[in-house]
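**Student:** What follows is a structure written as structure tokens; I'll ask about it next.
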Amino acid sequence: MTDAYGWIEQSLQTIHRAGWSRSPQAIAGLPGAIVQMGGQSYLNFASNDYLGLAGDDRLIQAAIAATQQFGTGSTGSRLLTGHRPLHDQLERAIATLKQTEDALVFSSGYLANLGTIAALVGKRDLVLGDQYNHSSLQKGAIVSGATILSFAHGDMQDLYTKLSQQRSHFQRCLILTDTVFSMDGDLCALPEVLDLADQFDCMVLADEAHATGVFGETGAGCVEQLGCRGRSLIQMGTLSKALGSLGGFVAGSATLIDFLRNRAPTWVYTTGLSPADTAAAIAAIDIIQQEPQRRRQLWDNVTLLKQSIAQQPHLNVLPSASQILCVQLPTVEAALRVGQRLKDVGIFAPAIRPPTVPTSRIRLTIAATHQPNHIAKLANMLKVIEFE
Ligand SMILES: *Cc1c(COP(=O)(O)O)cnc(C)c1O
């Protein structure tokens, strides 16, 4: 008899041999600029908690109060027993922040992308996505059954060429792009993408996962920062990065949101966001509107680190316009070794390697909660570590 599961062991061995094997490391205690792992303290340059809200007492108290009032689980899908007044409140807060007519909250950002793309396009349609888009955008396109083409990263000429050649063969067309590219740290040329979308009669889904709460005068994201408010587009984001909670959202016209409530499978057929996550996200949106100084602190920290790194020509840094900064390494082994060396001196900034990204790198994320001496320590270590 053959073992139907034997291939899993073989496949896993291939992953190990390639140096692609990964496993989670537990962080003890509250999230923040300094975290505890395995009984040691580490300076944390790996978190998406950009404003330090995941450990903020106001979010914690909001989650506790909501749990006491509404229980731990929402007990059903939103259309059945899973809807609470908190969900309406959160969706109104998101729509106000984004200056859109309405918004819809999903159980995660990943599910927001999967369900939204699957609802918007199908067999007779075309999806055009930036080559470096997040996994959830890429998988959403596959789930939709549409024809999928990718364009070279940030290359508007390539997007134009593909639209000119292909657009007329399809019914609807959806362009997908991250606004802040999560593993590179550069930004999408959103105004140009929207111009091409207008020219070729396409919809655009802009993924603001790393931009919401961070970019723009009011923290609304890159759409605000790049002057694209008021233009026709679909904005998506997550509650789990700068907002310190869990869940995803889509913001746009009232018509779009009503349509998604009826057609997005990852919203209709899944349990509503928990009361604790919902209440924490409401508190977070309030804070990002009331405390712009958190954003200013974050950007001051980003400037400080970028200045220190600019003085170190041996570092091969990817172009970044965000709080995400990547130092490139020639091989997987080199990236793992640098990641380990940083860890040995108490800095958590792990290697990101294929297949997550095309080239190995150390990915650094900067937060409002980092102190100047944290950044100085990181910059000093980058100076003395061997990068070959
Ligand atoms: C993290 C991320 C998501 C998924 O959000 P979750 O809420 O963590 O599921 C989607 N898109 C991008 C670009 C992301 O970085």
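Chain labels follow the order of the structure tokens: the first chain is A, the next B, and so on; residue numbering restarts at 1 in every chain, and ligands are counted from 1 in their shown order.
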Check every protein, DNA and RNA residue against ligand 1, keep those with an atom at most 9 Å away (counting only C-alpha atoms and all ligand atoms), and present them as a PyMOL selection string.
**Tutor:** chain A and resi 48+106-113+133-137+177-183+207-210+236-241+245-249
**Student:** For CA of Val268 in chain A and CA of Val143 in chain A, determine how far apart the two atoms are, in Å to one decimal place.
**Tutor:**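 Rounded to one decimal, the two atoms are 15.8 Å apart.
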**Student:** Check range 201-270 of chain A with DSSP on the backbone and list each residue it calls alpha helix (DSSP H), as a ChimeraX atom specification.
**Tutor:** /A:222-225,254-263,265-268
**Student:** Which neighbours of His374 in chain A fall inside 9 Å, counting only C-alpha atoms, when residues of the same chain fewer than 5 positions from it are skipped, and could you give them as a PyMOL selection string?
**Tutor:** chain A and resi 33+43+379
**Student:** Taking only residues of range 274-375 of chain A that have an atom at most 8 Å from an atom of range 214-223 of chain A, what is each one's shortest atom pair and its distance in Å to one decimal, using only C-alpha atoms, in chain and number order, as a Markdown table?
**Tutor:**
| residue | atom | partner | partner_atom | distance |
| --- | --- | --- | --- | --- |
| A:Ile288 | CA | A:Gly219 | CA | 6.6 |
| A:Gln289 | CA | A:Thr218 | CA | 6.3 |
| A:Pro292 | CA | A:Thr218 | CA | 7.2 |
| A:Arg295 | CA | A:Val214 | CA | 6.0 |
**Student:** Let me see the file: selected residues, all heavy atoms, as a PDB file, in the first residue's frame.
**Tutor:**
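What follows is the written file part_19.pdb:
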ATOM      1  N   ILE A 288      -5.977  57.713  16.547  1.00  0.00           N
ATOM      2  CA  ILE A 288      -5.205  58.243  15.407  1.00  0.00           C
ATOM      3  C   ILE A 288      -5.750  59.598  14.945  1.00  0.00           C
ATOM      4  O   ILE A 288      -5.013  60.411  14.411  1.00  0.00           O
ATOM      5  CB  ILE A 288      -5.055  57.255  14.220  1.00  0.00           C
ATOM      6  CG1 ILE A 288      -6.348  57.012  13.496  1.00  0.00           C
ATOM      7  CG2 ILE A 288      -4.438  55.943  14.628  1.00  0.00           C
ATOM      8  CD1 ILE A 288      -6.122  56.263  12.207  1.00  0.00           C
ATOM      9  N   GLN A 289      -7.040  59.856  15.209  1.00  0.00           N
ATOM     10  CA  GLN A 289      -7.580  61.167  14.857  1.00  0.00           C
ATOM     11  C   GLN A 289      -7.238  62.228  15.903  1.00  0.00           C
ATOM     12  O   GLN A 289      -6.998  63.380  15.565  1.00  0.00           O
ATOM     13  CB  GLN A 289      -9.102  61.074  14.662  1.00  0.00           C
ATOM     14  CG  GLN A 289      -9.443  60.332  13.375  1.00  0.00           C
ATOM     15  CD  GLN A 289     -10.910  59.975  13.260  1.00  0.00           C
ATOM     16  OE1 GLN A 289     -11.556  59.610  14.243  1.00  0.00           O
ATOM     17  NE2 GLN A 289     -11.445  60.061  12.050  1.00  0.00           N
ATOM     18  N   PRO A 292      -2.303  63.213  16.476  1.00  0.00           N
ATOM     19  CA  PRO A 292      -1.413  63.222  15.302  1.00  0.00           C
ATOM     20  C   PRO A 292       0.064  63.185  15.698  1.00  0.00           C
ATOM     21  O   PRO A 292       0.914  62.825  14.896  1.00  0.00           O
ATOM     22  CB  PRO A 292      -1.768  64.536  14.590  1.00  0.00           C
ATOM     23  CG  PRO A 292      -2.445  65.379  15.614  1.00  0.00           C
ATOM     24  CD  PRO A 292      -3.121  64.436  16.556  1.00  0.00           C
ATOM     25  N   ARG A 295       1.911  60.031  14.865  1.00  0.00           N
ATOM     26  CA  ARG A 295       2.387  59.922  13.484  1.00  0.00           C
ATOM     27  C   ARG A 295       3.656  60.733  13.296  1.00  0.00           C
ATOM     28  O   ARG A 295       4.604  60.284  12.662  1.00  0.00           O
ATOM     29  CB  ARG A 295       1.309  60.449  12.524  1.00  0.00           C
ATOM     30  CG  ARG A 295       0.599  59.341  11.783  1.00  0.00           C
ATOM     31  CD  ARG A 295      -0.364  59.829  10.742  1.00  0.00           C
ATOM     32  NE  ARG A 295      -1.236  60.905  11.121  1.00  0.00           N
ATOM     33  CZ  ARG A 295      -2.308  60.786  11.896  1.00  0.00           C
ATOM     34  NH1 ARG A 295      -2.616  59.619  12.416  1.00  0.00           N
ATOM     35  NH2 ARG A 295      -3.057  61.823  12.179  1.00  0.00           N
TER      36      ARG A 295
END
**Student:** So that I can see what lies close to range 256-265 of chain A, please list as a PyMOL selection string the residues with an atom at most 10 Å from it, counting only C-alpha atoms and leaving out residues fewer than 4 positions away in the same chain.
**Tutor:** chain A and resi 78-79+101-106+111-120+234+250-252+269-270
**Student:** Find the spatial neighbours of Val338 in chain A, counting only C-alpha atoms, within a cut-off of 10 Å - ignore same-chain residues fewer than 2 positions away - and output them as a ChimeraX atom specification.
**Tutor:** /A:329,333-336,340-344,349-351,361-362,382,385-388
**Student:** For range 296-302 of chain A, list every protein, DNA or RNA residue within 6 Å, evaluated using only C-alpha atoms, and leave out those in the same chain fewer than 2 positions away; present the list as a list in words.
**Tutor:**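 That gives Gln293, Arg294, Leu304, Leu305, Gln323, Ala367 and Ala368 of chain A.
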**Student:** Store the residues of this selection in a file with N, CA, C and O atoms, as a JSON list (two decimals), in the first residue's frame.
**Tutor:**
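Saved to out-v7.json:
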[["chain", "number", "residue", "atom", "x", "y", "z"],
["A", 293, "GLN", "N", 0.37, 63.54, 16.95],
["A", 293, "GLN", "CA", 1.77, 63.53, 17.40],
["A", 293, "GLN", "C", 2.38, 62.14, 17.33],
["A", 293, "GLN", "O", 3.59, 61.98, 17.19],
["A", 294, "ARG", "N", 1.54, 61.10, 17.39],
["A", 294, "ARG", "CA", 2.08, 59.73, 17.25],
["A", 294, "ARG", "C", 2.65, 59.53, 15.85],
["A", 294, "ARG", "O", 3.68, 58.91, 15.66],
["A", 304, "LEU", "N", 15.35, 59.65, 11.29],
["A", 304, "LEU", "CA", 16.56, 59.38, 12.07],
["A", 304, "LEU", "C", 17.26, 58.12, 11.56],
["A", 304, "LEU", "O", 18.47, 58.12, 11.30],
["A", 305, "LEU", "N", 16.51, 57.04, 11.40],
["A", 305, "LEU", "CA", 17.14, 55.78, 10.95],
["A", 305, "LEU", "C", 17.66, 55.91, 9.52],
["A", 305, "LEU", "O", 18.76, 55.46, 9.21],
["A", 323, "GLN", "N", 7.76, 53.58, 6.46],
["A", 323, "GLN", "CA", 8.33, 53.12, 7.73],
["A", 323, "GLN", "C", 8.93, 51.72, 7.61],
["A", 323, "GLN", "O", 9.36, 51.15, 8.62],
["A", 367, "ALA", "N", 8.67, 52.20, 14.45],
["A", 367, "ALA", "CA", 7.42, 52.54, 15.14],
["A", 367, "ALA", "C", 7.56, 53.85, 15.90],
["A", 367, "ALA", "O", 8.67, 54.30, 16.18],
["A", 368, "ALA", "N", 6.39, 54.43, 16.24],
["A", 368, "ALA", "CA", 6.38, 55.67, 17.02],
["A", 368, "ALA", "C", 6.96, 55.44, 18.41],
["A", 368, "ALA", "O", 7.44, 56.38, 19.05]]
**Student:** List the spatial neighbours of Gly272 in chain A as a list in words - criterion: any atom at most 6 Å away, only C-alpha atoms, same-chain residues fewer than 2 positions off excluded.
**Tutor:**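 Once the nearby chain positions are removed, what remains is Ser74, Ser77, Arg78 and Gly82 of chain A.
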**Student:** Please identify which residues in range 151-260 of chain A DSSP calls strand (DSSP E or B) from the backbone, and express them as a VMD selection string.
**Tutor:** chain A and resid 151 173 to 178 180 187 203 to 207 234 to 238 248 to 252
**Student:** Between A:Ala65, A:Leu163, A:Leu378, A:Asp56, which residue has the minimum interatomic distance to Leu243 in chain A, considering only C-alpha atoms?
**Tutor:** A:Asp56
**Student:** When distances are computed from only C-alpha atoms, which of A:Pro85, A:Gly154, A:Pro354, A:Gly52 shows the smallest separation from Ile282 in chain A?
**Tutor:**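 Result for the nearest residue to Ile282 in chain A: A:Pro85.
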